[in-house]
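Pasted below: entry-v7.csv, CSV, C-alpha atoms and all ligand atoms.
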```csv
chain,number,residue,atom,x,y,z
A,1,MET,CA,12.7,-15.7,0.0
A,2,LEU,CA,13.4,-12.2,1.2
A,3,PRO,CA,10.8,-10.1,-0.7
A,4,TYR,CA,11.6,-6.9,-2.6
A,5,GLY,CA,8.8,-5.2,-0.8
A,6,ARG,CA,6.2,-6.1,1.9
A,7,GLN,CA,3.7,-4.6,4.3
A,8,SER,CA,4.4,-3.7,8.0
A,9,ILE,CA,1.4,-4.4,10.2
A,10,ASP,CA,1.6,-3.5,13.9
A,11,ALA,CA,-0.7,-4.0,16.9
A,12,ALA,CA,-2.4,-0.6,16.4
A,13,ASP,CA,-3.2,-1.6,12.7
A,14,VAL,CA,-4.8,-4.9,13.9
A,15,GLU,CA,-6.8,-3.1,16.6
A,16,ALA,CA,-8.1,-0.6,14.1
A,17,VAL,CA,-9.4,-3.3,11.7
A,18,VAL,CA,-10.9,-5.3,14.6
A,19,ALA,CA,-12.8,-2.2,15.8
A,20,ALA,CA,-14.1,-1.6,12.3
A,21,LEU,CA,-15.3,-5.3,12.1
A,22,GLY,CA,-17.3,-4.9,15.3
A,23,SER,CA,-18.9,-1.6,14.2
A,24,ASP,CA,-22.2,-1.0,12.4
A,25,TRP,CA,-20.4,-0.3,9.1
A,26,LEU,CA,-18.3,-2.7,7.1
A,27,THR,CA,-18.6,-0.4,4.1
A,28,THR,CA,-20.1,3.1,3.3
A,29,GLY,CA,-19.6,4.1,6.9
A,30,PRO,CA,-17.7,6.9,8.8
A,31,ARG,CA,-14.2,5.3,8.4
A,32,VAL,CA,-14.2,6.1,4.7
A,33,ALA,CA,-14.6,9.8,5.2
A,34,ARG,CA,-12.0,9.6,8.1
A,35,PHE,CA,-9.4,7.9,5.9
A,36,GLU,CA,-10.1,10.4,3.1
A,37,ALA,CA,-9.5,13.3,5.5
A,38,ASP,CA,-6.3,11.6,6.7
A,39,ILE,CA,-5.1,11.3,3.1
A,40,GLU,CA,-5.9,15.0,2.5
A,41,ALA,CA,-3.8,15.9,5.5
A,42,VAL,CA,-0.8,14.3,3.9
A,43,ALA,CA,-1.5,15.0,0.2
A,44,GLY,CA,-2.8,18.6,0.6
A,45,ALA,CA,-6.0,18.1,-1.4
A,46,PRO,CA,-9.4,16.3,-1.0
A,47,ALA,CA,-9.4,12.6,-1.5
A,48,VAL,CA,-11.7,9.9,-2.9
A,49,THR,CA,-10.9,6.4,-1.9
A,50,VAL,CA,-11.2,3.5,-4.4
A,51,THR,CA,-10.6,-0.2,-4.5
A,52,ASN,CA,-6.9,-0.1,-5.8
A,53,GLY,CA,-4.4,1.9,-7.7
A,54,THR,CA,-5.6,0.5,-11.1
A,55,THR,CA,-9.2,1.6,-10.5
A,56,ALA,CA,-7.8,5.0,-9.1
A,57,LEU,CA,-6.3,5.6,-12.6
A,58,HIS,CA,-9.5,4.4,-14.3
A,59,ALA,CA,-11.5,6.8,-12.1
A,60,ALA,CA,-9.1,9.7,-12.7
A,61,TYR,CA,-9.3,9.3,-16.5
A,62,ALA,CA,-13.1,9.0,-16.3
A,63,ALA,CA,-13.2,12.2,-14.2
A,64,ALA,CA,-11.0,13.9,-16.7
A,65,GLY,CA,-13.5,13.1,-19.4
A,66,VAL,CA,-11.1,10.9,-21.4
A,67,GLY,CA,-12.8,9.2,-24.3
A,68,ARG,CA,-12.6,8.2,-27.9
A,69,GLY,CA,-10.6,10.6,-30.1
A,70,ASP,CA,-8.5,11.8,-27.1
A,71,GLU,CA,-4.8,11.3,-26.7
A,72,VAL,CA,-3.2,10.6,-23.3
A,73,ILE,CA,0.6,11.1,-23.1
A,74,THR,CA,2.5,9.0,-20.5
A,75,THR,CA,5.7,7.2,-19.7
A,76,PRO,CA,6.4,3.6,-20.7
A,77,MET,CA,8.4,3.1,-17.5
A,78,THR,CA,5.5,2.2,-15.2
A,79,PHE,CA,3.0,-0.5,-14.3
A,80,VAL,CA,0.6,-1.1,-17.2
A,81,ALA,CA,-2.4,0.4,-15.4
A,82,THR,CA,-1.1,3.9,-16.0
A,83,ALA,CA,-1.8,3.4,-19.7
A,84,SER,CA,-4.5,0.8,-19.7
A,85,GLY,CA,-7.0,2.9,-17.8
A,86,ALA,CA,-7.0,5.5,-20.5
A,87,ALA,CA,-7.0,2.9,-23.3
A,88,MET,CA,-10.0,1.2,-21.9
A,89,LEU,CA,-11.9,4.5,-22.1
A,90,GLY,CA,-11.1,4.6,-25.8
A,91,ALA,CA,-8.2,7.0,-25.8
A,92,GLU,CA,-5.0,6.6,-27.8
A,93,VAL,CA,-2.0,6.3,-25.5
A,94,ILE,CA,1.1,8.2,-26.7
A,95,PHE,CA,4.3,7.1,-25.0
A,96,ALA,CA,6.9,9.8,-24.4
A,97,ASP,CA,10.4,8.8,-23.3
A,98,ILE,CA,11.9,9.2,-19.9
A,99,GLU,CA,14.8,11.2,-18.3
A,100,GLU,CA,17.9,9.2,-18.2
A,101,ASP,CA,18.7,9.7,-14.5
A,102,THR,CA,15.3,9.6,-12.7
A,103,ALA,CA,13.4,7.4,-15.2
A,104,ASN,CA,10.5,9.9,-14.9
A,105,LEU,CA,8.6,11.2,-17.9
A,106,ASP,CA,10.8,13.7,-19.8
A,107,PRO,CA,9.1,17.0,-20.3
A,108,ALA,CA,11.0,17.7,-23.5
A,109,ALA,CA,9.8,14.4,-24.9
A,110,VAL,CA,6.2,15.3,-23.9
A,111,ASP,CA,6.5,18.7,-25.6
A,112,ALA,CA,7.5,16.9,-28.8
A,113,VAL,CA,4.3,14.9,-29.0
A,114,VAL,CA,1.6,17.3,-27.7
A,115,THR,CA,-1.2,17.9,-30.1
A,116,THR,CA,-4.6,19.6,-30.1
A,117,ARG,CA,-6.1,16.1,-29.2
A,118,THR,CA,-4.0,15.8,-26.0
A,119,LYS,CA,-6.5,15.4,-23.2
A,120,VAL,CA,-4.3,14.3,-20.4
A,121,ILE,CA,-0.6,14.1,-19.6
A,122,THR,CA,0.2,11.5,-16.9
A,123,ALA,CA,3.5,11.5,-15.0
A,124,VAL,CA,4.7,8.7,-12.7
A,125,ASP,CA,6.8,9.4,-9.7
A,126,TYR,CA,9.1,6.5,-10.3
A,127,ALA,CA,10.6,4.9,-7.2
A,128,GLY,CA,9.0,7.7,-5.1
A,129,VAL,CA,10.9,10.6,-6.8
A,130,PRO,CA,8.3,13.2,-8.0
A,131,ALA,CA,8.4,14.0,-11.7
A,132,ASP,CA,9.3,17.5,-12.9
A,133,TYR,CA,5.8,18.9,-12.4
A,134,ASP,CA,6.6,22.6,-12.9
A,135,ARG,CA,7.7,21.9,-16.5
A,136,LEU,CA,4.9,19.4,-17.1
A,137,ARG,CA,2.4,21.9,-15.8
A,138,LYS,CA,3.5,24.5,-18.4
A,139,ILE,CA,3.1,22.1,-21.2
A,140,THR,CA,-0.3,20.8,-19.9
A,141,ASP,CA,-1.7,24.3,-19.5
A,142,SER,CA,-0.6,25.5,-22.9
A,143,ALA,CA,-2.3,22.4,-24.4
A,144,GLY,CA,-5.5,22.9,-22.4
A,145,ALA,CA,-5.0,19.4,-21.0
A,146,ILE,CA,-5.3,17.9,-17.6
A,147,LEU,CA,-2.2,16.8,-15.6
A,148,VAL,CA,-2.5,13.4,-13.8
A,149,GLY,CA,0.1,12.1,-11.4
A,150,ASP,CA,0.4,8.4,-10.8
A,151,ALA,CA,1.8,8.6,-7.3
A,152,ALA,CA,1.5,4.9,-6.5
A,153,HIS,CA,5.2,5.2,-5.3
A,154,SER,CA,5.2,8.6,-3.8
A,155,ILE,CA,2.6,9.4,-1.1
A,156,GLY,CA,4.5,11.6,1.4
A,157,SER,CA,7.0,12.9,-1.1
A,158,THR,CA,7.5,16.6,-1.7
A,159,TYR,CA,8.6,18.6,-4.8
A,160,ARG,CA,10.0,22.1,-4.2
A,161,GLY,CA,8.4,22.0,-0.8
A,162,ARG,CA,4.9,21.1,-2.1
A,163,PRO,CA,3.4,17.7,-1.3
A,164,VAL,CA,2.6,15.1,-3.9
A,165,GLY,CA,-1.2,15.5,-4.3
A,166,THR,CA,-1.0,19.2,-5.0
A,167,LEU,CA,1.2,19.0,-8.1
A,168,ALA,CA,-1.2,17.6,-10.6
A,169,ASP,CA,-4.9,18.1,-11.3
A,170,LEU,CA,-5.6,14.5,-10.3
A,171,THR,CA,-3.2,12.3,-8.3
A,172,THR,CA,-3.6,8.6,-7.8
A,173,PHE,CA,-2.3,6.4,-5.0
A,174,SER,CA,-2.1,2.6,-4.5
A,175,PHE,CA,-2.2,0.8,-1.1
A,176,PHE,CA,-1.1,-2.6,-2.4
A,177,PRO,CA,1.1,-4.4,0.2
A,178,THR,CA,4.4,-3.7,-1.6
A,179,LYS,CA,3.7,0.0,-1.6
A,180,ASN,CA,4.7,2.6,1.0
A,181,LEU,CA,1.5,1.9,3.1
A,182,THR,CA,-1.2,-0.7,2.6
A,183,THR,CA,-4.9,-1.5,3.0
A,184,GLY,CA,-4.4,-5.0,1.3
A,185,GLU,CA,-6.0,-3.8,-1.8
A,186,GLY,CA,-6.8,-0.1,-2.0
A,187,GLY,CA,-6.3,3.2,-3.6
A,188,ALA,CA,-7.3,6.9,-3.7
A,189,VAL,CA,-7.5,9.8,-6.1
A,190,VAL,CA,-6.9,13.4,-4.8
A,191,SER,CA,-7.6,16.5,-6.6
A,192,THR,CA,-7.1,20.2,-6.1
A,193,ARG,CA,-10.2,20.9,-8.3
A,194,PRO,CA,-13.7,20.5,-6.6
A,195,GLU,CA,-15.5,19.7,-9.8
A,196,LEU,CA,-13.2,16.8,-10.4
A,197,ILE,CA,-13.7,15.5,-6.9
A,198,GLU,CA,-17.4,15.5,-7.5
A,199,ARG,CA,-17.0,13.5,-10.7
A,200,LEU,CA,-14.7,11.0,-9.0
A,201,ARG,CA,-17.3,10.5,-6.2
A,202,ASP,CA,-20.0,9.9,-8.8
A,203,PHE,CA,-17.9,7.5,-10.8
A,204,ARG,CA,-16.8,5.5,-7.7
A,205,THR,CA,-20.4,5.1,-6.6
A,206,VAL,CA,-22.0,3.7,-9.8
A,207,GLY,CA,-22.7,7.2,-11.1
A,208,SER,CA,-25.4,7.8,-8.4
A,209,VAL,CA,-26.2,11.4,-7.4
A,210,ARG,CA,-28.2,12.1,-4.2
A,211,ASP,CA,-27.4,15.8,-3.6
A,212,PRO,CA,-30.8,17.6,-4.0
A,213,GLU,CA,-29.1,20.6,-5.6
A,214,ARG,CA,-27.9,18.4,-8.5
A,215,LEU,CA,-31.0,16.3,-9.1
A,216,ARG,CA,-32.9,16.9,-12.4
A,217,ARG,CA,-36.2,16.0,-10.7
A,218,THR,CA,-36.8,17.0,-7.1
A,219,ASP,CA,-40.4,15.9,-6.6
A,220,GLU,CA,-40.1,12.1,-6.3
A,221,GLY,CA,-39.5,11.5,-2.6
A,222,GLY,CA,-36.8,10.9,0.0
A,223,TRP,CA,-35.6,7.6,-1.6
A,224,TYR,CA,-34.9,9.3,-4.9
A,225,TYR,CA,-31.5,9.4,-6.5
A,226,GLU,CA,-30.4,9.7,-10.1
A,227,VAL,CA,-27.7,8.1,-12.3
A,228,GLN,CA,-26.7,10.9,-14.7
A,229,GLU,CA,-23.5,9.2,-16.1
A,230,PHE,CA,-22.4,5.6,-15.9
A,231,GLY,CA,-20.0,4.6,-13.1
A,232,LEU,CA,-18.7,1.6,-11.3
A,233,ASN,CA,-18.7,0.4,-7.7
A,234,TYR,CA,-15.1,1.2,-6.7
A,235,ARG,CA,-15.8,1.8,-3.0
A,236,LEU,CA,-13.1,0.9,-0.5
A,237,PRO,CA,-14.8,-0.7,2.6
A,238,ASP,CA,-14.6,0.7,6.1
A,239,VAL,CA,-12.6,-2.3,7.3
A,240,LEU,CA,-9.8,-1.4,4.9
A,241,CYS,CA,-10.1,2.4,5.4
A,242,ALA,CA,-9.6,1.7,9.2
A,243,LEU,CA,-6.3,0.0,8.3
A,244,GLY,CA,-5.4,2.9,6.0
A,245,SER,CA,-5.8,5.5,8.7
A,246,ALA,CA,-3.8,3.5,11.1
A,247,GLN,CA,-1.0,3.0,8.5
A,248,LEU,CA,-1.0,6.7,7.6
A,249,ARG,CA,-0.2,7.5,11.2
A,250,ARG,CA,3.1,5.6,10.6
A,251,LEU,CA,4.0,7.2,7.3
A,252,GLY,CA,6.6,9.4,8.9
A,253,ASP,CA,8.3,6.4,10.4
A,254,PHE,CA,8.0,4.5,7.1
A,255,LYS,CA,9.6,7.4,5.2
A,256,ALA,CA,12.5,7.7,7.8
A,257,ARG,CA,13.3,4.0,7.7
A,258,ARG,CA,13.2,3.9,3.9
A,259,ALA,CA,15.5,6.9,3.8
A,260,ARG,CA,17.9,5.2,6.2
A,261,LEU,CA,17.9,2.0,4.2
A,262,THR,CA,18.5,4.0,1.0
A,263,ALA,CA,21.4,5.8,2.6
A,264,ARG,CA,22.9,2.5,3.7
A,265,TYR,CA,22.6,1.0,0.2
A,266,ASP,CA,24.2,4.2,-1.3
A,267,GLU,CA,27.1,3.8,1.1
A,268,LEU,CA,27.6,0.0,1.1
A,269,LEU,CA,27.3,-0.3,-2.7
A,270,ALA,CA,29.3,2.8,-3.7
A,271,ASP,CA,32.4,0.8,-4.6
A,272,VAL,CA,30.8,-2.2,-6.2
A,273,PRO,CA,31.9,-2.4,-9.9
A,274,GLY,CA,29.4,-2.8,-12.7
A,275,LEU,CA,26.6,-1.1,-10.8
A,276,ARG,CA,25.0,2.3,-11.1
A,277,LEU,CA,23.1,3.6,-8.1
A,278,PRO,CA,19.8,5.5,-8.3
A,279,ALA,CA,19.8,9.3,-9.0
A,280,ARG,CA,19.2,12.0,-6.4
A,281,ARG,CA,17.7,15.3,-7.1
A,282,PRO,CA,18.2,18.4,-5.0
A,283,ASP,CA,14.7,19.8,-5.2
A,284,VAL,CA,12.7,16.8,-4.0
A,285,ASP,CA,12.2,15.1,-0.7
A,286,PRO,CA,11.1,11.6,-1.8
A,287,ILE,CA,9.7,8.7,0.1
A,288,ARG,CA,11.9,5.9,-1.2
A,289,HIS,CA,9.6,3.2,-2.6
A,290,LEU,CA,12.2,1.4,-4.6
A,291,TYR,CA,15.9,1.1,-4.7
A,292,PRO,CA,16.5,0.7,-8.5
A,293,VAL,CA,20.1,0.0,-9.4
A,294,ARG,CA,21.4,-0.4,-12.9
A,295,VAL,CA,23.4,-3.6,-13.6
A,296,LEU,CA,25.9,-2.7,-16.4
A,297,ASP,CA,27.8,-4.9,-18.9
A,298,GLY,CA,24.7,-6.9,-19.9
A,299,ARG,CA,24.7,-8.8,-16.6
A,300,ARG,CA,21.2,-7.9,-15.3
A,301,ARG,CA,19.6,-11.2,-16.1
A,302,GLU,CA,22.5,-13.2,-14.6
A,303,VAL,CA,22.4,-11.0,-11.4
A,304,TYR,CA,18.7,-11.4,-11.1
A,305,ASP,CA,18.8,-15.2,-11.4
A,306,ARG,CA,21.7,-15.5,-9.0
A,307,LEU,CA,20.1,-13.2,-6.3
A,308,ARG,CA,16.8,-15.1,-6.6
A,309,ALA,CA,18.7,-18.4,-6.3
A,310,ALA,CA,20.3,-17.0,-3.1
A,311,GLY,CA,16.8,-16.3,-1.7
A,312,ILE,CA,16.8,-12.6,-2.4
A,313,GLY,CA,13.6,-11.5,-4.1
A,314,VAL,CA,14.7,-8.8,-6.5
A,315,GLN,CA,12.3,-7.3,-9.0
A,316,VAL,CA,12.4,-5.6,-12.4
A,317,ASN,CA,10.4,-2.3,-12.6
A,318,TYR,CA,9.3,-2.1,-15.3
A,319,ILE,CA,8.9,-3.9,-18.7
A,320,PRO,CA,8.2,-0.9,-21.0
A,321,VAL,CA,4.4,-0.8,-21.2
A,322,TYR,CA,4.1,-0.9,-25.0
A,323,TRP,CA,6.0,-4.2,-25.1
A,324,HIS,CA,2.9,-5.9,-23.7
A,325,PRO,CA,1.1,-7.8,-26.5
A,326,VAL,CA,-2.0,-5.8,-25.9
A,327,PHE,CA,-0.2,-2.7,-27.2
A,328,GLU,CA,1.8,-4.6,-29.8
A,329,ASP,CA,-1.5,-5.8,-31.3
A,330,LEU,CA,-2.5,-2.1,-31.6
A,331,GLY,CA,0.6,-1.4,-33.6
A,332,TYR,CA,3.1,-0.2,-31.0
A,333,ARG,CA,6.7,-1.3,-31.8
A,334,ARG,CA,9.8,-1.9,-29.8
A,335,GLY,CA,12.4,0.9,-30.1
A,336,MET,CA,9.8,3.7,-29.7
A,337,CYS,CA,11.4,5.0,-26.4
A,338,PRO,CA,15.1,4.1,-26.5
A,339,VAL,CA,16.0,5.7,-23.1
A,340,ALA,CA,13.2,3.7,-21.3
A,341,GLU,CA,14.3,0.5,-23.1
A,342,ALA,CA,18.0,1.1,-22.1
A,343,PHE,CA,16.8,1.7,-18.5
A,344,TYR,CA,14.7,-1.5,-18.5
A,345,ALA,CA,17.6,-3.6,-19.9
A,346,GLU,CA,19.7,-2.7,-16.8
A,347,GLU,CA,17.2,-2.1,-14.0
A,348,LEU,CA,17.0,-4.2,-10.8
A,349,SER,CA,15.0,-3.3,-7.7
A,350,LEU,CA,16.7,-4.4,-4.5
A,351,PRO,CA,14.7,-5.3,-1.4
A,352,LEU,CA,13.4,-2.2,0.4
A,353,PHE,CA,10.7,-2.1,3.0
A,354,TYR,CA,10.1,-0.9,6.5
A,355,ASP,CA,10.9,-4.1,8.4
A,356,LEU,CA,14.0,-5.0,6.3
A,357,SER,CA,16.7,-5.4,8.9
A,358,ASP,CA,20.2,-4.0,8.6
A,359,SER,CA,21.6,-7.6,8.7
A,360,ASP,CA,19.2,-8.7,5.8
A,361,GLN,CA,20.3,-5.7,3.9
A,362,ASP,CA,24.0,-6.5,4.6
A,363,ARG,CA,23.3,-10.0,3.1
A,364,VAL,CA,21.8,-8.4,0.0
A,365,VAL,CA,24.9,-6.2,-0.4
A,366,ASP,CA,27.4,-9.1,0.3
A,367,THR,CA,25.6,-11.4,-2.2
A,368,LEU,CA,25.6,-8.7,-4.9
A,369,ARG,CA,29.2,-7.9,-4.2
A,370,GLY,CA,30.1,-11.6,-4.5
A,371,ILE,CA,28.4,-11.9,-7.9
A,372,LEU,CA,29.9,-8.7,-9.3
A,373,GLY,CA,33.3,-9.5,-7.9
A,374,SER,CA,34.8,-7.0,-5.5
B,1,LIG,C1,1.1,-0.5,-8.1
B,1,LIG,C2,1.0,0.5,-9.2
B,1,LIG,C3,-0.2,0.7,-9.8
B,1,LIG,C4,-1.5,-0.1,-9.6
B,1,LIG,O1,-1.9,-0.2,-8.3
B,1,LIG,P1,-2.7,-1.5,-7.8
B,1,LIG,O2,-3.1,-1.0,-6.4
B,1,LIG,O3,-1.7,-2.6,-7.7
B,1,LIG,O4,-3.8,-1.7,-8.7
B,1,LIG,C5,-0.3,1.7,-10.8
B,1,LIG,N1,0.8,2.4,-11.1
B,1,LIG,C6,2.0,2.2,-10.5
B,1,LIG,C7,3.2,3.1,-10.9
B,1,LIG,C8,2.1,1.2,-9.6
B,1,LIG,O5,3.3,1.0,-9.0
```
Give the structure from this file in structure tokens form.
Amino acid sequence: MLPYGRQSIDAADVEAVVAALGSDWLTTGPRVARFEADIEAVAGAPAVTVTNGTTALHAAYAAAGVGRGDEVITTPMTFVATASGAAMLGAEVIFADIEEDTANLDPAAVDAVVTTRTKVITAVDYAGVPADYDRLRKITDSAGAILVGDAAHSIGSTYRGRPVGTLADLTTFSFFPTKNLTTGEGGAVVSTRPELIERLRDFRTVGSVRDPERLRRTDEGGWYYEVQEFGLNYRLPDVLCALGSAQLRRLGDFKARRARLTARYDELLADVPGLRLPARRPDVDPIRHLYPVRVLDGRRREVYDRLRAAGIGVQVNYIPVYWHPVFEDLGYRRGMCPVAEAFYAEELSLPLFYDLSDSDQDRVVDTLRGILGS
């Protein structure tokens, strides 16, 4: 089965991991800080590595101080973790609808549901295309809230010349194998605000504080540290950070190949009937994480089944988050975000990854053309 996404591991990646395995530090060592510095070089703001993209969101919400009584506004067109991290901290998640073309959070829809209880607004850079951060920033600031960017798809993208990582107060990344770069499991949060970076580090390290300046008691001895707030062990080990640094060196190549494959799909699929190709925006330079087409005329399920039967591993991104029973049980109902539901009904992600060959891509196109009949 041709996958819809997969990792690319080269000899330098393997060498970096082997070197880490032979070093003194499997975890909590120097490769963690190195990977965090490498992320900062791409994302334009300091980074804290964590165990995956889901825990990155949990840590970001914890750092933002999300808790009971707070509202967190986000998009339903995302992986469930964008919402569940806030819900698990006791917040009420408010879903706002998406823009029809990009499938990103619609600032106008956010504006309509902001209240005095809005603590965080979380955008998702769907398929790698940054959300409309300038408009979201205005709404966030006037609400006195914190802007979070779930950038699991978009490390290396820019918006109006600014890198993803500098657009929100807190930006989260995932390094799962289907994403733009991988550490197996892994993630990071970057922030432009030093006080949030400090809170992220504390939370990621079981809440422990060692900095003498921050200790409440200083007369205990050299072994002494304090837990001042509860946290979790979300540390990413050196072995995986080594892979992350090696992968980040290839990010430019990854982005270029994904752009090339996207341009080929755009060209080869342009005249296929019953298909709508993904939107482009003039003010962003995205890394293309997904190639999300829309299958018209109610044929998405048929096209999905027939492509899978032909050995082509297409995917649907995403089931609207509030459709999951865990949200249904809380009273969320289908129909809440009609634009997102209409998008979901037609969406199909075609294979897109660095090592996808032109001939495999041609096979995807030909099979799709055969099904849709042209
Ligand atoms: C993958 C993904 C996550 C979760 O990342 P994991 O590393 O798989 O935990 C969160 N949000 C979005 C939009 C994602 O695509």
Straight-line distance linking atom CA of A:Gly252 with atom CA of A:Ala33, stated in Å to one decimal: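 Between these atoms lies a distance of 21.5 Å.
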Distance table requested - chain A against ligand LIG 1 (chain B), cut-off 9 Å, only C-alpha atoms and all ligand atoms: one row per qualifying residue with the closest atom pair and its distance in Å to one decimal, ordered by chain and rising residue number, as a Markdown table.
```
| residue | atom | partner | partner_atom | distance |
| --- | --- | --- | --- | --- |
| A:Thr51 | CA | B:LIG1 | O2 | 7.8 |
| A:Asn52 | CA | B:LIG1 | O2 | 4.0 |
| A:Gly53 | CA | B:LIG1 | O1 | 3.3 |
| A:Thr54 | CA | B:LIG1 | O4 | 3.7 |
| A:Thr55 | CA | B:LIG1 | O4 | 6.6 |
| A:Ala56 | CA | B:LIG1 | O4 | 7.8 |
| A:Leu57 | CA | B:LIG1 | C5 | 7.4 |
| A:Met77 | CA | B:LIG1 | C7 | 8.4 |
| A:Thr78 | CA | B:LIG1 | C7 | 5.0 |
| A:Phe79 | CA | B:LIG1 | C6 | 4.8 |
| A:Val80 | CA | B:LIG1 | N1 | 7.0 |
| A:Ala81 | CA | B:LIG1 | C5 | 5.2 |
| A:Thr82 | CA | B:LIG1 | N1 | 5.5 |
| A:Val124 | CA | B:LIG1 | C7 | 6.1 |
| A:Asp125 | CA | B:LIG1 | C7 | 7.4 |
| A:Tyr126 | CA | B:LIG1 | C7 | 6.8 |
| A:Ala127 | CA | B:LIG1 | C7 | 8.5 |
| A:Asp150 | CA | B:LIG1 | C7 | 6.0 |
| A:Ala151 | CA | B:LIG1 | C7 | 6.7 |
| A:Ala152 | CA | B:LIG1 | C6 | 4.9 |
| A:His153 | CA | B:LIG1 | O5 | 5.9 |
| A:Thr172 | CA | B:LIG1 | C5 | 8.2 |
| A:Phe173 | CA | B:LIG1 | O1 | 7.4 |
| A:Ser174 | CA | B:LIG1 | O2 | 4.2 |
| A:Phe175 | CA | B:LIG1 | O2 | 5.7 |
| A:Phe176 | CA | B:LIG1 | O2 | 4.7 |
| A:Pro177 | CA | B:LIG1 | O2 | 8.5 |
| A:Thr178 | CA | B:LIG1 | C1 | 8.0 |
| A:Lys179 | CA | B:LIG1 | C1 | 7.0 |
| A:Gly184 | CA | B:LIG1 | O2 | 8.8 |
| A:Glu185 | CA | B:LIG1 | O2 | 6.1 |
| A:Gly186 | CA | B:LIG1 | O2 | 5.8 |
| A:Gly187 | CA | B:LIG1 | O2 | 6.0 |
| A:Asn317 | CA | B:LIG1 | O5 | 8.6 |
```
One-decimal distance in Å that lies between atom CA of A:Gly128 and atom CA of A:Ala11: 26.7 Å
Minimum-distance residue to A:Gly69, chosen among A:Arg235, A:Lys138, A:Arg31, A:Arg117 (using only C-alpha atoms):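 Closest to A:Gly69 of all the choices is A:Arg117.
Using all atoms listed in the file for every distance, the candidate list A:Ala83, A:Leu240, A:Val339, A:Val114 yields A:Ala83 as the residue closest to A:Val321.
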Write out as a CSV table (one decimal) with C-alpha atoms, keeping the file's coordinate frame which residues come within 10 Å of stretch 84-97 of chain A when counting only C-alpha atoms, dropping same-chain ones fewer than 3 positions away.
```csv
chain,number,residue,atom,x,y,z
A,54,THR,CA,-5.6,0.5,-11.1
A,55,THR,CA,-9.2,1.6,-10.5
A,56,ALA,CA,-7.8,5.0,-9.1
A,57,LEU,CA,-6.3,5.6,-12.6
A,58,HIS,CA,-9.5,4.4,-14.3
A,59,ALA,CA,-11.5,6.8,-12.1
A,60,ALA,CA,-9.1,9.7,-12.7
A,61,TYR,CA,-9.3,9.3,-16.5
A,62,ALA,CA,-13.1,9.0,-16.3
A,65,GLY,CA,-13.5,13.1,-19.4
A,66,VAL,CA,-11.1,10.9,-21.4
A,67,GLY,CA,-12.8,9.2,-24.3
A,68,ARG,CA,-12.6,8.2,-27.9
A,69,GLY,CA,-10.6,10.6,-30.1
A,70,ASP,CA,-8.5,11.8,-27.1
A,71,GLU,CA,-4.8,11.3,-26.7
A,72,VAL,CA,-3.2,10.6,-23.3
A,73,ILE,CA,0.6,11.1,-23.1
A,74,THR,CA,2.5,9.0,-20.5
A,75,THR,CA,5.7,7.2,-19.7
A,76,PRO,CA,6.4,3.6,-20.7
A,77,MET,CA,8.4,3.1,-17.5
A,79,PHE,CA,3.0,-0.5,-14.3
A,80,VAL,CA,0.6,-1.1,-17.2
A,81,ALA,CA,-2.4,0.4,-15.4
A,100,GLU,CA,17.9,9.2,-18.2
A,103,ALA,CA,13.4,7.4,-15.2
A,104,ASN,CA,10.5,9.9,-14.9
A,105,LEU,CA,8.6,11.2,-17.9
A,106,ASP,CA,10.8,13.7,-19.8
A,107,PRO,CA,9.1,17.0,-20.3
A,108,ALA,CA,11.0,17.7,-23.5
A,109,ALA,CA,9.8,14.4,-24.9
A,110,VAL,CA,6.2,15.3,-23.9
A,111,ASP,CA,6.5,18.7,-25.6
A,112,ALA,CA,7.5,16.9,-28.8
A,113,VAL,CA,4.3,14.9,-29.0
A,114,VAL,CA,1.6,17.3,-27.7
A,117,ARG,CA,-6.1,16.1,-29.2
A,118,THR,CA,-4.0,15.8,-26.0
A,119,LYS,CA,-6.5,15.4,-23.2
A,120,VAL,CA,-4.3,14.3,-20.4
A,121,ILE,CA,-0.6,14.1,-19.6
A,320,PRO,CA,8.2,-0.9,-21.0
A,321,VAL,CA,4.4,-0.8,-21.2
A,322,TYR,CA,4.1,-0.9,-25.0
A,326,VAL,CA,-2.0,-5.8,-25.9
A,327,PHE,CA,-0.2,-2.7,-27.2
A,330,LEU,CA,-2.5,-2.1,-31.6
A,332,TYR,CA,3.1,-0.2,-31.0
A,336,MET,CA,9.8,3.7,-29.7
A,337,CYS,CA,11.4,5.0,-26.4
A,338,PRO,CA,15.1,4.1,-26.5
A,339,VAL,CA,16.0,5.7,-23.1
A,340,ALA,CA,13.2,3.7,-21.3
A,341,GLU,CA,14.3,0.5,-23.1
```
Residue with smallest distance to A:Leu147 - pool A:Tyr133, A:Phe230, A:Tyr225, A:Tyr318, counting all atoms listed in the file: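 For A:Leu147, the nearest of the candidates is A:Tyr133.
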One-decimal distance in Å that lies between atom CA of A:Asp10 and atom CA of A:Ala246: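 We find that atom CA of A:Ala246 and atom CA of A:Asp10 lie 9.3 Å from each other.
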Who sits within 9 Å of A:Thr367, only C-alpha atoms, same chain under 6 positions skipped, as a ChimeraX atom specification: /A:306-307,310,312
Nearest-residue call for A:Gly231, choices A:Gly44, A:Pro212, A:Gly311, A:Gly207, using all atoms listed in the file: A:Gly207
Residues near stretch 254-259 of chain A, cut-off 7 Å, all atoms listed in the file, skip fewer than 3 positions along chain, as a ChimeraX atom specification: /A:250-251,262-263,287-288,353-354
Among listed residues A:Ala64, A:Asp283, A:Pro30, A:Val17, nearest A:Asp134 (using all atoms listed in the file): A:Asp283
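Each of A:Leu350, A:Ala309, A:Val272, A:Ile319 was checked against A:Val293 using all atoms listed in the file; the smallest atom-to-atom distance is that of A:Leu350.
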Exercise: residues within 6 Å of coordinate (-11.0, 7.9, -4.4), counting only C-alpha atoms, as a list in words: Ala47, Val48, Thr49, Val50, Ala188 and Val189 of chain A
